[in-house]
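Notes follow once the structure below has been shown.
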Amino acid sequence: MSEQTNPTPASAAAAGDEVFVQVEDHGAVRVLTLDRPKALNALSGDLVAQLTAALTDAESTDTVRAVVLTGSDKAFCAGADIQEIPQMQQAAPLDRLAFDGLFTTIARLSTPTIAAVRGMAFGGGCELALACDTAVAGESAQFGVPEVKLGVLPGAGGTQRLVHALGKAKAMRMLLTGGPVTAAWAESAGLVAEVVADAEVLDTAVAIGEEIARNAPLAVRLTADAARHADEVGLSQGLDVERRNFLLLLGTEDAAEGLSAFAERRTADFKGA
């Protein structure tokens with residue numbers, strides 16, 4: 001793993017508040033670590049607010065080319081904080097937007113996101129991984145959407161993103177039984193891209209981020225933008241987005257540099273312009 005720095009947590013709340021999201025930069029890769037271990041990184045209101053702020057800060061930082069989202073060895077994220085659900089039931093619709101907004105922020109981030117999952121990723125934790133662009137899992141990782149066991153349903157994109165990612169049959173198995181699946185099953189089903197030893201999860205995710213960061217920044221962002229439309233619109237509309245983004249990139253300095261570097265058999269020096 002590349003040398004890391006420890007900036008002031010962009011997620012951090014006001015002075016004196018407990019910090020639930022740790023922020024570290026590994027070169028051009030920013031690692032956001034959920035840090036609420038006693039609650040298995042459950043999504044409390046404070047954690048949601050801090051993680052949303054950290055993601056927004058990463059997006060606005062020019063030197064950050066990829067974001068890795070991870071948790072602890074025991075838990076990536078156990079889901080919504082059960083103790084706060086009664087408050088959510090009583091809250092006005094607008095008060096619930098902060099929770100929903102976290103997943104929208106991840107899904108719409110132009111900076112690529114990679115989930116590095118160890119231990120449990122249940123409920124909102126599974127939905128966090130789904131909202132990221134790709135995911136790496138440790139051998140001990142377990143994924144599940146147990147909401148039906150609690151009388152509710154996955155409310156942060158789980159019913160939609162699981163079907164898009166896995167297909168109807170496999171998604172329905174997870175959604176309707178509420179039972180957990182192993183990392184190996186998740187990989188074969190398409191929920192995660194790769195399964196590695198638990199000790200290698202974060203290094204692998206950062207390495208993927210570093211590989212992304214070496215590519216032309218605008219090309220990465222517009223490629224991700226086009227690919228995400230595949231889950232949201234029909235084929236003809238998606239192809240329109242792809243063509244538009246392709247034509248936009250053709251006129252960039254990075255495209256000229258990339259083509260020249262290829263012809264001259266040298267490493268391209270991309271500027272993000």
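All residue names refer to the structure tokens as shown: chains lettered A, B, ... in order, residues numbered from 1 in each chain, ligands numbered from 1 in order.
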* May I have the residues within 6 Å of segment 34-43 of chain A as a list in words, using only C-alpha atoms and disregarding those fewer than 4 positions away in the same chain? =>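 Residues meeting the cut-off are Phe20, Val21, Leu47, Val48, Gly71, Ala75, Cys77, Ala78, Gly79, Ala80 and Asp81 of chain A.
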* May I ask which of the residues A:Gly123, A:Pro180, A:Ala129, A:Met172 is the closest one to Leu153 of chain A, counting only C-alpha atoms? =>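 Going through A:Gly123, A:Pro180, A:Ala129, A:Met172 one by one, the smallest distance to Leu153 of chain A is for A:Gly123.
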* Asked: If we count only C-alpha atoms, what is near Ala115 of chain A at a cut-off of 9 Å, once residues fewer than 6 positions away on the same chain are taken out, given as a list in words?
  ->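 Selected residues are Val67, Val68, Leu69, Thr70, Phe76, Leu128, Ala129, Leu130, Ala131, Cys132, Asp133, Thr134, Ala135, Val136, Ala137, Val192 and Ala205 of chain A.
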Take the residues from that selection and write them out as a compact mmCIF listing (two decimals), in the first residue's frame, keeping N, CA, C and O atoms.
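Listed below is the output, again-v6.txt:
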# COMPACT_ATOMS: atom_id res chain seq x y z
N VAL A 67 -12.13 6.75 -4.07
CA VAL A 67 -12.49 6.68 -2.65
C VAL A 67 -12.74 5.22 -2.28
O VAL A 67 -13.47 4.50 -2.97
N VAL A 68 -12.12 4.79 -1.18
CA VAL A 68 -12.36 3.45 -0.62
C VAL A 68 -13.17 3.61 0.65
O VAL A 68 -12.81 4.40 1.53
N LEU A 69 -14.25 2.87 0.75
CA LEU A 69 -15.09 2.88 1.94
C LEU A 69 -14.93 1.55 2.65
O LEU A 69 -15.15 0.49 2.05
N THR A 70 -14.56 1.58 3.93
CA THR A 70 -14.32 0.35 4.66
C THR A 70 -14.78 0.47 6.10
O THR A 70 -15.23 1.53 6.54
N PHE A 76 -18.14 -4.46 8.40
CA PHE A 76 -18.15 -3.33 7.46
C PHE A 76 -19.20 -2.35 7.95
O PHE A 76 -18.91 -1.19 8.23
N LEU A 128 -24.81 0.02 1.31
CA LEU A 128 -23.64 0.87 1.11
C LEU A 128 -22.71 0.26 0.07
O LEU A 128 -22.22 0.94 -0.83
N ALA A 129 -22.44 -1.04 0.21
CA ALA A 129 -21.57 -1.72 -0.75
C ALA A 129 -22.18 -1.68 -2.14
O ALA A 129 -21.47 -1.47 -3.13
N LEU A 130 -23.50 -1.87 -2.23
CA LEU A 130 -24.17 -1.85 -3.52
C LEU A 130 -24.10 -0.47 -4.19
O LEU A 130 -24.03 -0.36 -5.41
N ALA A 131 -24.14 0.58 -3.37
CA ALA A 131 -24.11 1.94 -3.91
C ALA A 131 -22.75 2.31 -4.47
O ALA A 131 -22.64 3.21 -5.31
N CYS A 132 -21.69 1.63 -4.00
CA CYS A 132 -20.34 1.89 -4.52
C CYS A 132 -20.21 1.34 -5.94
O CYS A 132 -20.96 0.47 -6.36
N ASP A 133 -19.21 1.82 -6.66
CA ASP A 133 -19.01 1.39 -8.04
C ASP A 133 -18.54 -0.06 -8.14
O ASP A 133 -18.89 -0.77 -9.09
N THR A 134 -17.74 -0.49 -7.19
CA THR A 134 -17.28 -1.87 -7.17
C THR A 134 -16.95 -2.23 -5.73
O THR A 134 -16.92 -1.37 -4.85
N ALA A 135 -16.70 -3.51 -5.47
CA ALA A 135 -16.46 -3.95 -4.09
C ALA A 135 -15.49 -5.11 -4.06
O ALA A 135 -15.49 -5.98 -4.95
N VAL A 136 -14.67 -5.12 -3.01
CA VAL A 136 -13.76 -6.22 -2.70
C VAL A 136 -14.18 -6.77 -1.35
O VAL A 136 -14.48 -6.00 -0.42
N ALA A 137 -14.24 -8.08 -1.20
CA ALA A 137 -14.67 -8.69 0.06
C ALA A 137 -13.61 -9.63 0.60
O ALA A 137 -12.89 -10.29 -0.16
N VAL A 192 -20.02 -8.65 -5.47
CA VAL A 192 -18.68 -8.10 -5.31
C VAL A 192 -17.82 -8.55 -6.48
O VAL A 192 -18.11 -9.56 -7.14
N ALA A 205 -8.22 -3.09 -2.27
CA ALA A 205 -9.10 -1.98 -2.66
C ALA A 205 -8.30 -0.72 -3.00
O ALA A 205 -8.58 -0.03 -3.98
* Atomic distance atom CA of Gly157 of chain A - atom CA of Phe103 of chain A, expressed in Å with one decimal ->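 Between atom CA of Gly157 of chain A and atom CA of Phe103 of chain A the gap works out to 7.8 Å.
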* Using only C-alpha atoms: which of A:Arg265, A:Arg65, A:Arg173, A:Lys271 has the shortest distance to Arg221 of chain A ->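 Among the listed residues, A:Arg65 lies closest to Arg221 of chain A.
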* Structure fact -> The distance between atom CA of Ala66 of chain A and atom CA of Thr104 of chain A is 17.2 Å
